[in-house]
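Dumped structure-v2.cif below, it's mmCIF, C-alpha atoms:
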```
data_upload
loop_
_atom_site.group_PDB
_atom_site.id
_atom_site.type_symbol
_atom_site.label_atom_id
_atom_site.label_comp_id
_atom_site.auth_asym_id
_atom_site.auth_seq_id
_atom_site.Cartn_x
_atom_site.Cartn_y
_atom_site.Cartn_z
ATOM 1 C CA MET R 1 -27.477 24.355 17.035
ATOM 2 C CA ILE R 2 -30.725 23.635 15.208
ATOM 3 C CA ASP R 3 -33.874 23.505 17.269
ATOM 4 C CA GLN R 4 -34.904 19.872 16.707
ATOM 5 C CA LYS R 5 -38.451 21.073 16.071
ATOM 6 C CA GLU R 6 -37.188 22.725 12.906
ATOM 7 C CA LEU R 7 -36.575 19.294 11.391
ATOM 8 C CA ASP R 8 -39.558 17.458 9.973
ATOM 9 C CA ASP R 9 -39.885 13.791 9.029
ATOM 10 C CA ILE R 10 -38.684 14.389 5.493
ATOM 11 C CA ASP R 11 -35.581 16.176 6.789
ATOM 12 C CA ARG R 12 -34.774 13.281 9.091
ATOM 13 C CA GLN R 13 -35.339 10.640 6.444
ATOM 14 C CA LEU R 14 -33.164 12.549 3.999
ATOM 15 C CA ILE R 15 -30.322 13.008 6.492
ATOM 16 C CA ASN R 16 -30.351 9.297 7.257
ATOM 17 C CA MET R 17 -30.487 8.316 3.581
ATOM 18 C CA VAL R 18 -28.043 10.644 1.908
ATOM 19 C CA GLN R 19 -25.124 9.723 4.140
ATOM 20 C CA LEU R 20 -24.838 6.159 2.885
ATOM 21 C CA ASP R 21 -27.399 5.516 0.182
ATOM 22 C CA PHE R 22 -27.025 8.515 -2.065
ATOM 23 C CA PRO R 23 -28.354 7.332 -5.441
ATOM 24 C CA LEU R 24 -25.717 7.280 -8.119
ATOM 25 C CA ASP R 25 -27.696 8.210 -11.183
ATOM 26 C CA SER R 26 -28.193 11.324 -13.267
ATOM 27 C CA ARG R 27 -31.297 12.424 -11.302
ATOM 28 C CA PRO R 28 -30.381 11.473 -7.733
ATOM 29 C CA PHE R 29 -32.818 13.852 -6.054
ATOM 30 C CA ARG R 30 -35.715 12.494 -8.109
ATOM 31 C CA THR R 31 -34.704 8.970 -7.090
ATOM 32 C CA LEU R 32 -34.554 9.991 -3.424
ATOM 33 C CA GLY R 33 -37.979 11.591 -3.792
ATOM 34 C CA GLU R 34 -39.407 8.392 -5.291
ATOM 35 C CA GLN R 35 -38.032 6.431 -2.334
ATOM 36 C CA ILE R 36 -39.794 8.576 0.253
ATOM 37 C CA GLY R 37 -42.800 9.697 -1.762
ATOM 38 C CA VAL R 38 -42.045 13.359 -2.406
ATOM 39 C CA SER R 39 -41.134 15.340 -5.506
ATOM 40 C CA GLU R 40 -37.647 16.061 -6.790
ATOM 41 C CA GLU R 41 -38.241 19.772 -6.076
ATOM 42 C CA ALA R 42 -39.197 18.994 -2.470
ATOM 43 C CA VAL R 43 -36.039 16.903 -1.948
ATOM 44 C CA ILE R 44 -33.879 19.701 -3.313
ATOM 45 C CA SER R 45 -35.538 22.367 -1.212
ATOM 46 C CA HIS R 46 -35.242 20.265 1.969
ATOM 47 C CA LEU R 47 -31.570 19.560 1.238
ATOM 48 C CA LYS R 48 -30.938 23.251 0.607
ATOM 49 C CA LYS R 49 -32.518 24.105 3.942
ATOM 50 C CA LEU R 50 -30.461 21.417 5.714
ATOM 51 C CA THR R 51 -27.293 22.760 4.112
ATOM 52 C CA GLU R 52 -28.104 26.313 5.186
ATOM 53 C CA LEU R 53 -28.747 25.093 8.724
ATOM 54 C CA GLY R 54 -25.396 23.292 8.750
ATOM 55 C CA ALA R 55 -26.977 19.862 9.225
ATOM 56 C CA ILE R 56 -25.469 18.782 5.910
ATOM 57 C CA ARG R 57 -22.013 20.073 5.092
ATOM 58 C CA ARG R 58 -21.745 18.772 1.549
ATOM 59 C CA ILE R 59 -22.680 15.847 -0.638
ATOM 60 C CA GLY R 60 -19.584 14.434 -2.240
ATOM 61 C CA PRO R 61 -16.883 11.773 -2.209
ATOM 62 C CA ILE R 62 -15.362 10.484 1.027
ATOM 63 C CA ILE R 63 -11.865 9.546 -0.012
ATOM 64 C CA ASP R 64 -9.742 6.720 1.332
ATOM 65 C CA THR R 65 -6.333 8.393 1.420
ATOM 66 C CA ARG R 66 -4.414 5.132 1.321
ATOM 67 C CA LYS R 67 -6.249 3.796 -1.704
ATOM 68 C CA ILE R 68 -5.273 6.816 -3.772
ATOM 69 C CA GLY R 69 -1.678 6.247 -2.787
ATOM 70 C CA GLY R 70 -1.668 8.875 -0.064
ATOM 71 C CA PHE R 71 -0.327 8.893 3.468
ATOM 72 C CA SER R 72 -1.985 10.266 6.552
ATOM 73 C CA THR R 73 -1.414 10.680 10.245
ATOM 74 C CA LEU R 74 -2.826 12.229 13.399
ATOM 75 C CA ILE R 75 -0.694 14.822 15.169
ATOM 76 C CA ALA R 76 -1.101 15.802 18.809
ATOM 77 C CA MET R 77 0.741 19.016 19.571
ATOM 78 C CA ARG R 78 1.591 20.777 22.790
ATOM 79 C CA VAL R 79 0.946 24.488 22.316
ATOM 80 C CA PRO R 80 0.852 27.186 25.027
ATOM 81 C CA GLU R 81 -2.700 28.406 25.498
ATOM 82 C CA HIS R 82 -2.047 31.980 24.430
ATOM 83 C CA GLU R 83 -0.524 30.793 21.152
ATOM 84 C CA ILE R 84 -3.192 28.275 20.241
ATOM 85 C CA GLY R 85 -5.264 30.453 17.915
ATOM 86 C CA LYS R 86 -2.242 31.567 15.941
ATOM 87 C CA VAL R 87 -0.742 28.091 15.653
ATOM 88 C CA ALA R 88 -4.116 26.550 14.731
ATOM 89 C CA MET R 89 -4.454 29.006 11.846
ATOM 90 C CA GLN R 90 -0.923 28.227 10.711
ATOM 91 C CA ILE R 91 -1.760 24.498 10.712
ATOM 92 C CA ASN R 92 -5.043 25.146 8.889
ATOM 93 C CA GLY R 93 -2.985 26.798 6.170
ATOM 94 C CA PHE R 94 -2.002 23.354 4.898
ATOM 95 C CA ASP R 95 -4.622 22.088 2.446
ATOM 96 C CA GLU R 96 -3.690 18.588 3.560
ATOM 97 C CA VAL R 97 -4.973 19.211 7.090
ATOM 98 C CA SER R 98 -8.547 17.912 7.089
ATOM 99 C CA HIS R 99 -9.502 18.137 10.781
ATOM 100 C CA ASN R 100 -8.096 20.325 13.543
ATOM 101 C CA TYR R 101 -9.399 20.483 17.111
ATOM 102 C CA LEU R 102 -8.580 22.009 20.468
ATOM 103 C CA ARG R 103 -8.708 19.357 23.185
ATOM 104 C CA PRO R 104 -7.891 19.498 26.907
ATOM 105 C CA GLY R 105 -4.674 18.033 28.303
ATOM 106 C CA THR R 106 -0.946 18.234 27.778
ATOM 107 C CA TYR R 107 -1.304 17.757 24.063
ATOM 108 C CA ASN R 108 -3.998 20.215 23.140
ATOM 109 C CA LEU R 109 -3.982 20.687 19.366
ATOM 110 C CA TRP R 110 -5.060 17.585 17.456
ATOM 111 C CA PHE R 111 -5.108 17.509 13.686
ATOM 112 C CA THR R 112 -5.087 15.016 10.832
ATOM 113 C CA VAL R 113 -2.874 15.341 7.784
ATOM 114 C CA SER R 114 -3.610 13.486 4.539
ATOM 115 C CA ALA R 115 -0.922 13.945 1.908
ATOM 116 C CA ARG R 116 -0.678 12.638 -1.644
ATOM 117 C CA SER R 117 2.696 11.000 -0.999
ATOM 118 C CA LYS R 118 4.985 9.956 1.802
ATOM 119 C CA SER R 119 7.455 12.671 0.837
ATOM 120 C CA ARG R 120 4.788 15.364 0.972
ATOM 121 C CA LEU R 121 3.693 14.135 4.412
ATOM 122 C CA LEU R 122 7.296 14.288 5.639
ATOM 123 C CA GLU R 123 7.643 17.754 4.161
ATOM 124 C CA ILE R 124 4.563 18.949 6.067
ATOM 125 C CA LEU R 125 5.817 17.350 9.286
ATOM 126 C CA SER R 126 9.136 19.099 8.917
ATOM 127 C CA GLU R 127 7.341 22.411 8.408
ATOM 128 C CA ILE R 128 5.307 21.718 11.525
ATOM 129 C CA LYS R 129 8.475 20.913 13.425
ATOM 130 C CA LYS R 130 9.671 24.446 12.690
ATOM 131 C CA THR R 131 6.984 25.851 14.968
ATOM 132 C CA GLY R 132 9.118 24.480 17.787
ATOM 133 C CA TYR R 133 6.285 22.860 19.730
ATOM 134 C CA PRO R 134 6.579 19.211 20.705
ATOM 135 C CA PHE R 135 4.185 16.820 19.008
ATOM 136 C CA LEU R 136 3.241 13.161 18.739
ATOM 137 C CA ASP R 137 2.995 11.492 15.337
ATOM 138 C CA LEU R 138 0.210 8.913 15.555
ATOM 139 C CA PRO R 139 -0.321 7.065 12.266
ATOM 140 C CA VAL R 140 -3.083 4.461 11.958
ATOM 141 C CA GLU R 141 -1.941 0.871 12.410
ATOM 142 C CA ARG R 142 -5.300 -0.772 12.005
ATOM 143 C CA MET R 143 -8.871 0.347 11.341
ATOM 144 C CA PHE R 144 -11.808 -1.147 13.189
ATOM 145 C CA LYS R 145 -14.481 1.337 12.165
ATOM 146 C CA ILE R 146 -14.617 4.294 9.824
ATOM 147 C CA GLY R 147 -17.221 7.049 9.917
ATOM 148 C CA VAL R 148 -20.618 5.601 9.359
ATOM 149 C CA ARG R 149 -24.096 6.980 9.344
ATOM 150 C CA PHE R 150 -25.578 9.067 12.117
ATOM 151 C CA ARG R 151 -29.215 8.395 12.789
ATOM 152 C CA VAL R 152 -31.311 11.476 13.484
ATOM 153 C CA MET D 153 -6.639 5.560 -10.899
ATOM 154 C CA ASN D 154 -6.891 7.537 -14.123
ATOM 155 C CA VAL D 155 -6.974 11.245 -14.828
ATOM 156 C CA ILE D 156 -10.728 11.424 -15.373
ATOM 157 C CA ASP D 157 -11.468 9.705 -12.056
ATOM 158 C CA MET D 158 -9.099 12.090 -10.315
ATOM 159 C CA GLN D 159 -10.780 15.094 -11.969
ATOM 160 C CA LEU D 160 -14.165 13.707 -11.024
ATOM 161 C CA ILE D 161 -13.148 13.668 -7.363
ATOM 162 C CA LYS D 162 -11.765 17.180 -7.615
ATOM 163 C CA LEU D 163 -14.947 18.498 -9.208
ATOM 164 C CA THR D 164 -17.220 16.925 -6.596
ATOM 165 C CA GLN D 165 -15.201 17.130 -3.385
ATOM 166 C CA ASN D 166 -16.581 20.533 -2.400
ATOM 167 C CA GLY D 167 -20.071 19.111 -2.745
ATOM 168 C CA ILE D 168 -22.281 18.609 -5.764
ATOM 169 C CA LYS D 169 -24.847 21.292 -6.596
ATOM 170 C CA LEU D 170 -28.368 20.823 -5.337
ATOM 171 C CA VAL D 171 -29.950 20.927 -8.760
ATOM 172 C CA PRO D 172 -31.972 18.284 -10.675
ATOM 173 C CA GLU D 173 -28.995 17.118 -12.741
ATOM 174 C CA PRO D 174 -25.965 17.680 -10.482
ATOM 175 C CA PHE D 175 -23.571 15.654 -12.633
ATOM 176 C CA LYS D 176 -24.469 17.273 -15.955
ATOM 177 C CA LYS D 177 -22.050 20.195 -15.865
ATOM 178 C CA ILE D 178 -19.287 18.067 -14.369
ATOM 179 C CA ALA D 179 -19.664 15.456 -17.104
ATOM 180 C CA LEU D 180 -19.640 18.153 -19.755
ATOM 181 C CA GLU D 181 -16.447 19.586 -18.334
ATOM 182 C CA LEU D 182 -14.783 16.161 -18.448
ATOM 183 C CA ASP D 183 -16.213 15.400 -21.879
ATOM 184 C CA ILE D 184 -17.907 12.234 -20.676
ATOM 185 C CA SER D 185 -21.577 11.319 -20.387
ATOM 186 C CA GLU D 186 -23.512 11.793 -17.157
ATOM 187 C CA GLU D 187 -24.039 8.031 -17.032
ATOM 188 C CA ASP D 188 -20.288 7.513 -17.301
ATOM 189 C CA ALA D 189 -19.674 10.049 -14.524
ATOM 190 C CA VAL D 190 -21.948 8.296 -12.020
ATOM 191 C CA ARG D 191 -20.737 4.865 -13.153
ATOM 192 C CA ARG D 192 -17.164 5.943 -12.472
ATOM 193 C CA ILE D 193 -18.079 7.155 -8.986
ATOM 194 C CA GLY D 194 -19.747 3.812 -8.287
ATOM 195 C CA SER D 195 -16.692 1.996 -9.559
ATOM 196 C CA MET D 196 -14.413 4.043 -7.294
ATOM 197 C CA ILE D 197 -16.582 2.989 -4.348
ATOM 198 C CA ASP D 198 -16.355 -0.660 -5.462
ATOM 199 C CA ARG D 199 -12.583 -0.385 -5.693
ATOM 200 C CA GLY D 200 -12.363 1.231 -2.255
ATOM 201 C CA ILE D 201 -10.905 4.496 -3.547
ATOM 202 C CA LEU D 202 -13.975 6.190 -2.094
ATOM 203 C CA ARG D 203 -15.325 5.014 1.225
ATOM 204 C CA ARG D 204 -18.682 6.312 0.138
ATOM 205 C CA PHE D 205 -20.302 9.073 -1.852
ATOM 206 C CA GLY D 206 -22.854 11.025 0.099
ATOM 207 C CA ALA D 207 -23.493 13.653 2.709
ATOM 208 C CA SER D 208 -21.108 14.707 5.428
ATOM 209 C CA ILE D 209 -23.202 15.936 8.282
ATOM 210 C CA GLY D 210 -22.658 18.746 10.745
ATOM 211 C CA HIS D 211 -22.835 17.042 14.111
ATOM 212 C CA ARG D 212 -22.990 20.245 16.063
ATOM 213 C CA ALA D 213 -25.852 21.666 14.057
ATOM 214 C CA LEU D 214 -27.766 18.460 14.688
ATOM 215 C CA GLY D 215 -27.361 18.787 18.423
ATOM 216 C CA ILE D 216 -24.604 16.205 18.687
ATOM 217 C CA VAL D 217 -22.459 18.753 20.487
ATOM 218 C CA ALA D 218 -20.387 16.455 22.664
ATOM 219 C CA ASN D 219 -17.704 14.965 20.446
ATOM 220 C CA ALA D 220 -15.028 13.095 22.288
ATOM 221 C CA MET D 221 -11.887 11.343 21.284
ATOM 222 C CA CYS D 222 -11.391 8.544 23.796
ATOM 223 C CA VAL D 223 -7.909 7.117 23.928
ATOM 224 C CA TRP D 224 -7.342 3.686 25.420
ATOM 225 C CA ASN D 225 -4.260 1.879 26.586
ATOM 226 C CA VAL D 226 -4.903 -1.676 25.441
ATOM 227 C CA PRO D 227 -2.411 -4.525 25.848
ATOM 228 C CA ASP D 228 -1.216 -5.449 22.346
ATOM 229 C CA GLU D 229 -2.545 -8.992 22.524
ATOM 230 C CA ARG D 230 -6.035 -7.739 23.348
ATOM 231 C CA ILE D 231 -6.300 -5.045 20.715
ATOM 232 C CA GLU D 232 -8.198 -7.154 18.179
ATOM 233 C CA GLY D 233 -10.968 -8.059 20.621
ATOM 234 C CA ALA D 234 -11.213 -4.622 22.200
ATOM 235 C CA GLY D 235 -11.299 -2.899 18.799
ATOM 236 C CA ALA D 236 -14.131 -5.133 17.625
ATOM 237 C CA ILE D 237 -16.187 -4.482 20.764
ATOM 238 C CA MET D 238 -15.676 -0.718 20.575
ATOM 239 C CA ALA D 239 -16.573 -0.632 16.882
ATOM 240 C CA GLY D 240 -19.875 -2.298 17.799
ATOM 241 C CA PHE D 241 -21.085 0.730 19.766
ATOM 242 C CA ASP D 242 -23.482 2.901 17.742
ATOM 243 C CA GLU D 243 -22.127 6.069 19.327
ATOM 244 C CA VAL D 244 -18.612 5.223 18.152
ATOM 245 C CA SER D 245 -18.086 6.576 14.635
ATOM 246 C CA HIS D 246 -14.405 5.763 14.230
ATOM 247 C CA CYS D 247 -12.163 3.238 15.918
ATOM 248 C CA TYR D 248 -8.482 3.043 15.051
ATOM 249 C CA GLU D 249 -5.361 1.470 16.424
ATOM 250 C CA ARG D 250 -2.543 4.001 16.326
ATOM 251 C CA ALA D 251 1.154 3.812 17.092
ATOM 252 C CA ARG D 252 2.203 4.367 20.707
ATOM 253 C CA CYS D 253 4.732 7.096 21.505
ATOM 254 C CA PRO D 254 7.410 7.303 24.182
ATOM 255 C CA ASP D 255 5.374 9.430 26.583
ATOM 256 C CA TRP D 256 2.004 8.368 25.251
ATOM 257 C CA ASP D 257 0.823 4.835 26.048
ATOM 258 C CA TYR D 258 -2.571 5.039 24.379
ATOM 259 C CA ASN D 259 -2.954 2.913 21.289
ATOM 260 C CA LEU D 260 -6.678 2.599 20.580
ATOM 261 C CA TYR D 261 -8.752 5.619 19.556
ATOM 262 C CA THR D 262 -12.509 5.961 19.412
ATOM 263 C CA MET D 263 -14.578 8.959 18.384
ATOM 264 C CA VAL D 264 -17.698 9.096 20.528
ATOM 265 C CA HIS D 265 -20.598 11.404 19.716
ATOM 266 C CA ALA D 266 -23.539 12.314 21.929
ATOM 267 C CA ARG D 267 -25.822 15.162 22.911
ATOM 268 C CA THR D 268 -24.111 15.873 26.221
ATOM 269 C CA LYS D 269 -20.687 15.403 27.796
ATOM 270 C CA GLU D 270 -22.276 13.252 30.489
ATOM 271 C CA GLU D 271 -23.662 10.956 27.834
ATOM 272 C CA CYS D 272 -20.180 10.627 26.275
ATOM 273 C CA GLU D 273 -18.707 9.833 29.677
ATOM 274 C CA HIS D 274 -21.380 7.249 30.251
ATOM 275 C CA ILE D 275 -20.673 5.596 26.894
ATOM 276 C CA ALA D 276 -16.952 5.509 27.684
ATOM 277 C CA GLN D 277 -17.761 3.769 30.980
ATOM 278 C CA GLU D 278 -19.880 1.248 29.111
ATOM 279 C CA ILE D 279 -17.057 0.618 26.666
ATOM 280 C CA SER D 280 -14.645 0.232 29.555
ATOM 281 C CA ARG D 281 -16.946 -2.293 31.200
ATOM 282 C CA ALA D 282 -17.472 -4.215 27.950
ATOM 283 C CA THR D 283 -13.775 -4.425 27.117
ATOM 284 C CA GLY D 284 -12.231 -4.510 30.589
ATOM 285 C CA ILE D 285 -9.914 -1.660 29.589
ATOM 286 C CA SER D 286 -9.737 0.841 32.445
ATOM 287 C CA ASP D 287 -6.794 3.026 31.404
ATOM 288 C CA TYR D 288 -8.377 5.668 29.209
ATOM 289 C CA ILE D 289 -8.938 9.378 28.887
ATOM 290 C CA ILE D 290 -11.728 11.333 27.259
ATOM 291 C CA LEU D 291 -10.628 14.310 25.190
ATOM 292 C CA PHE D 292 -13.609 16.452 24.282
ATOM 293 C CA SER D 293 -13.225 18.745 21.325
ATOM 294 C CA GLU D 294 -13.379 22.222 22.829
ATOM 295 C CA LYS D 295 -13.049 24.022 19.550
ATOM 296 C CA GLU D 296 -13.188 23.014 15.908
ATOM 297 C CA PHE D 297 -10.540 24.879 13.945
ATOM 298 C CA LYS D 298 -11.050 22.939 10.740
ATOM 299 C CA LYS D 299 -13.146 20.164 9.287
ATOM 300 C CA THR D 300 -13.037 19.771 5.550
ATOM 301 C CA GLY D 301 -12.782 16.051 4.993
ATOM 302 C CA VAL D 302 -9.923 14.563 3.033
ATOM 303 C CA ARG D 303 -9.303 16.390 -0.248
ATOM 304 C CA ILE D 304 -7.065 15.788 -3.221
#
```

Please lay out the structure from this file as structure tokens.
Amino acid sequence: MIDQKELDDIDRQLINMVQLDFPLDSRPFRTLGEQIGVSEEAVISHLKKLTELGAIRRIGPIIDTRKIGGFSTLIAMRVPEHEIGKVAMQINGFDEVSHNYLRPGTYNLWFTVSARSKSRLLEILSEIKKTGYPFLDLPVERMFKIGVRFRV
Amino acid sequence: MNVIDMQLIKLTQNGIKLVPEPFKKIALELDISEEDAVRRIGSMIDRGILRRFGASIGHRALGIVANAMCVWNVPDERIEGAGAIMAGFDEVSHCYERARCPDWDYNLYTMVHARTKEECEHIAQEISRATGISDYIILFSEKEFKKTGVRI
């Protein structure tokens, strides 16, 4: 975890801005700099630092699976504790798995699968079934809120 | 969605380079202009193919170490109202209705992020009070096996 004192005002402003309002032009870092009164070089060096610290994972597209014709679901799996590491790695082996977490409770391995087609999703689920562990298939029925900005 | 748009997502989904002209090389590779590249990204946002284009942040690095999935058992006829209230909480990043399963009654899912587990628990209590939904469990993420975001 980053010591909060390591982040200065520029870092905080940049983190808040680049999540939602990343400028879509050919010199985005210059534009960001103009907005907060620092140079393009300063923006880039702050963003590099924030990436190294893990505060920013990447700057890129956040895809809506359904709009590109894909299908996704959340799987909750019941895996014996001593097997969890092995099974988690097996699950991670699918490129289509975007998030995978250990959580407490009967169902302890929770992961999301986003596939390019319904048939590919079913194929992955049938592969997962081969592990032999029981799981819940929990597709989204309705969305009320999707990942927005975190204020720092 | 055409081939160039698809390629554009593929070339940016691991994160654009932190250089003055991050779209230059990508545009060159696709044989389009930089202006066209950023215009296409903007258009994909307008069409909903991309939820946004920007930074994904590392919650843990930023001290937001308590990340909980709260699952709620909400009567079907109250889901609309409860979902809207939950989505209104700043600490809730995602709120989805998901299918119920035979031995799993929970149908509303919220991701709650805070600096401590106690804070997450407190927020869940607040949500419970605001919605009148008392059947819920908090599933903290104990380990992150994977987090890549949706890729194509």

| If you apply the PyMOL selection byres ((chain R) within 7 of (chain D)) to this file, what residues do you get, as a ChimeraX atom specification? | /R:1-2,18-20,22,24-27,29,44,48,53-64,67-68,88,92,98-104,114,136,138-148

Tell me, as a PDB file with C-alpha atoms, in the frame of the given file, which residues lie within 9 Å of range 120-132 of chain R, counting all atoms listed in the file; anything in the same chain fewer than 4 positions away does not count.
```
ATOM      1  CA  GLY R  70      -1.668   8.875  -0.064  1.00  0.00           C
ATOM      2  CA  PHE R  71      -0.327   8.893   3.468  1.00  0.00           C
ATOM      3  CA  SER R  72      -1.985  10.266   6.552  1.00  0.00           C
ATOM      4  CA  THR R  73      -1.414  10.680  10.245  1.00  0.00           C
ATOM      5  CA  VAL R  87      -0.742  28.091  15.653  1.00  0.00           C
ATOM      6  CA  ILE R  91      -1.760  24.498  10.712  1.00  0.00           C
ATOM      7  CA  PHE R  94      -2.002  23.354   4.898  1.00  0.00           C
ATOM      8  CA  GLU R  96      -3.690  18.588   3.560  1.00  0.00           C
ATOM      9  CA  VAL R 113      -2.874  15.341   7.784  1.00  0.00           C
ATOM     10  CA  SER R 114      -3.610  13.486   4.539  1.00  0.00           C
ATOM     11  CA  ALA R 115      -0.922  13.945   1.908  1.00  0.00           C
ATOM     12  CA  ARG R 116      -0.678  12.638  -1.644  1.00  0.00           C
ATOM     13  CA  ASP R 137       2.995  11.492  15.337  1.00  0.00           C
TER      14      ASP R 137
END
```

All file atoms of range 216-231 of chain D boxed axis-aligned, 4 Å per side, centre plus edges, as lines of an AutoDock Vina configuration file:
```
center_x = -12.9
center_y = 4.9
center_z = 22.6
size_x = 31.4
size_y = 35.7
size_z = 15.9
```

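Shell of His274 in chain D at 12 Å, with only C-alpha atoms counted and residues fewer than 2 places along the chain excluded, is Ala218, Ala220, Cys222, Glu243, Val264, His265, Ala266, Arg267, Thr268, Lys269, Glu270, Glu271, Cys272, Ala276, Gln277, Glu278, Ile279, Ser280, Arg281 and Ile290 of chain D.
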
Next, the residues of the selection above should be written as a PDB file, keeping the file's coordinate frame with C-alpha atoms.
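Writing done, so here's out34.pdb:
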```pdb
ATOM      1  CA  ALA D 218     -20.387  16.455  22.664  1.00  0.00           C
ATOM      2  CA  ALA D 220     -15.028  13.095  22.288  1.00  0.00           C
ATOM      3  CA  CYS D 222     -11.391   8.544  23.796  1.00  0.00           C
ATOM      4  CA  GLU D 243     -22.127   6.069  19.327  1.00  0.00           C
ATOM      5  CA  VAL D 264     -17.698   9.096  20.528  1.00  0.00           C
ATOM      6  CA  HIS D 265     -20.598  11.404  19.716  1.00  0.00           C
ATOM      7  CA  ALA D 266     -23.539  12.314  21.929  1.00  0.00           C
ATOM      8  CA  ARG D 267     -25.822  15.162  22.911  1.00  0.00           C
ATOM      9  CA  THR D 268     -24.111  15.873  26.221  1.00  0.00           C
ATOM     10  CA  LYS D 269     -20.687  15.403  27.796  1.00  0.00           C
ATOM     11  CA  GLU D 270     -22.276  13.252  30.489  1.00  0.00           C
ATOM     12  CA  GLU D 271     -23.662  10.956  27.834  1.00  0.00           C
ATOM     13  CA  CYS D 272     -20.180  10.627  26.275  1.00  0.00           C
ATOM     14  CA  ALA D 276     -16.952   5.509  27.684  1.00  0.00           C
ATOM     15  CA  GLN D 277     -17.761   3.769  30.980  1.00  0.00           C
ATOM     16  CA  GLU D 278     -19.880   1.248  29.111  1.00  0.00           C
ATOM     17  CA  ILE D 279     -17.057   0.618  26.666  1.00  0.00           C
ATOM     18  CA  SER D 280     -14.645   0.232  29.555  1.00  0.00           C
ATOM     19  CA  ARG D 281     -16.946  -2.293  31.200  1.00  0.00           C
ATOM     20  CA  ILE D 290     -11.728  11.333  27.259  1.00  0.00           C
TER      21      ILE D 290
END
```

Selection near Tyr133 in chain R, 7 Å with all atoms listed in the file, sequence-local residues under 6 positions removed, as a PDB file with C-alpha atoms, in the coordinates of the input:
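Here's the written file out-v2.pdb:
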```
ATOM      1  CA  MET R  77       0.741  19.016  19.571  1.00  0.00           C
ATOM      2  CA  ARG R  78       1.591  20.777  22.790  1.00  0.00           C
ATOM      3  CA  VAL R  79       0.946  24.488  22.316  1.00  0.00           C
TER       4      VAL R  79
END
```

| request: Kindly give the distance, in Å, that separates CA of Thr31 in chain R and CA of Leu50 in chain R, rounded to a single decimal. | output: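 For CA of Thr31 in chain R relative to CA of Leu50 in chain R, the distance reads 18.4 Å.
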
| query | In Å to one decimal, how far is CA of Arg12 in chain R from CA of Gly33 in chain R? | reply | 13.4 Å
